[in-house]
Amino acid sequence: MGRRYYCDYCDRSFQDNMHNRKKHLNGVQHHRSKKAWYDHFRDSAAILNDEQAKKPCRKFLQRGICDFGPGCRFSHMSEEDLYNLKRHVEDERQHREDSLDRRKKGRSIEEWLARREKRRGAPGSKGDLKDKEDSEEEEQSECDIPPELFSIPDLPPSLIPPPPGGWKVKVNTEWG
């Protein structure tokens, strides 16, 4: 017995030679199986557009089953399924718009880091007097950390925001 070829799309194997492989790869069943596989990864909006363009399948509506299955050229979605798919597409669109709006409103990480570095390098230490506005702006900007930073695991200590009330400082009384 010779080598066997296994087709992942069709979930079948056959003797591997040029004739059999070519016959299988050009076959209708293989093309349908390959299309069905890639259809799993389609965007919800594309699926909705396709389903809305199709007419309802009479056999599927009458019997609840269709001989053609997913290869049927008619829609197997009920009105409720289409409504749920529309809601899902709308939710995805709203989520994308919200995230874009947040990015536009907020500063980018680069801007935030540049302002933070500028503040640290500015001569605002103990002896200098600061305006009330400057201290409020600094306090507000420290709290205004870009949300993208919180999604990054294991941030370096310099980027971790302080807890409410500030860092706890241990006083060492042994030096004295």
# chains A, B, ... in the order shown; residues from 1 in each chain; ligands from 1
>>> residues_around(residues="Arg4 (chain A)", least_positions_apart="5", cutoff="9 Å", atoms="only C-alpha atoms", output="list of chain:residue names")
A:Ser13, A:Phe14, A:Gln15, A:Asp16, A:Asn17
>>> residues_around(residues="region 82-88 of chain A", least_positions_apart="2", cutoff="10 Å", atoms="only C-alpha atoms", output="count of residues only")
17
>>> atom_distance(atom1="CA of Glu111 (chain A)", atom2="CA of Lys168 (chain A)")
28.5 Å
>>> atom_distance(atom1="CA of Arg12 (chain A)", atom2="CA of Leu25 (chain A)")
12.1 Å
>>> closest_residue(among="A:Pro157, A:Gly165, A:Gly121, A:Gly71", to="His31 (chain A)", atoms="only C-alpha atoms")
A:Gly71
>>> atom_distance(atom1="CA of Arg115 (chain A)", atom2="CA of Ile152 (chain A)")
20.2 Å
>>> residues_around(residues="Phe74 (chain A)", least_positions_apart="4", cutoff="7 Å", atoms="only C-alpha atoms", output="PyMOL selection string")
chain A and resi 54-57
>>> closest_residue(among="A:Ala46, A:Arg120, A:Arg63, A:Ser158", to="Val89 (chain A)", atoms="only C-alpha atoms")
A:Ala46
>>> residues_around(residues="Cys10 (chain A)", least_positions_apart="3", cutoff="12 Å", atoms="only C-alpha atoms", output="list in words")
Tyr5, Tyr6, Cys7, Ser13, Phe14, His24, Leu25, Gly27, Val28, Gln29, His30, His31, Arg32, Ser33, Lys34, Lys35, Ala36 and Trp37 of chain A
>>> select_by_dssp(residues="region 7-90 of chain A", states="strand (DSSP E)", output="ChimeraX atom specification")
/A:7,12-15
>>> select_by_dssp(residues="region 68-108 of chain A", states="helix (DSSP H, G or I)", output="MDAnalysis selection string")
chainID A and resid 69:71 79:105
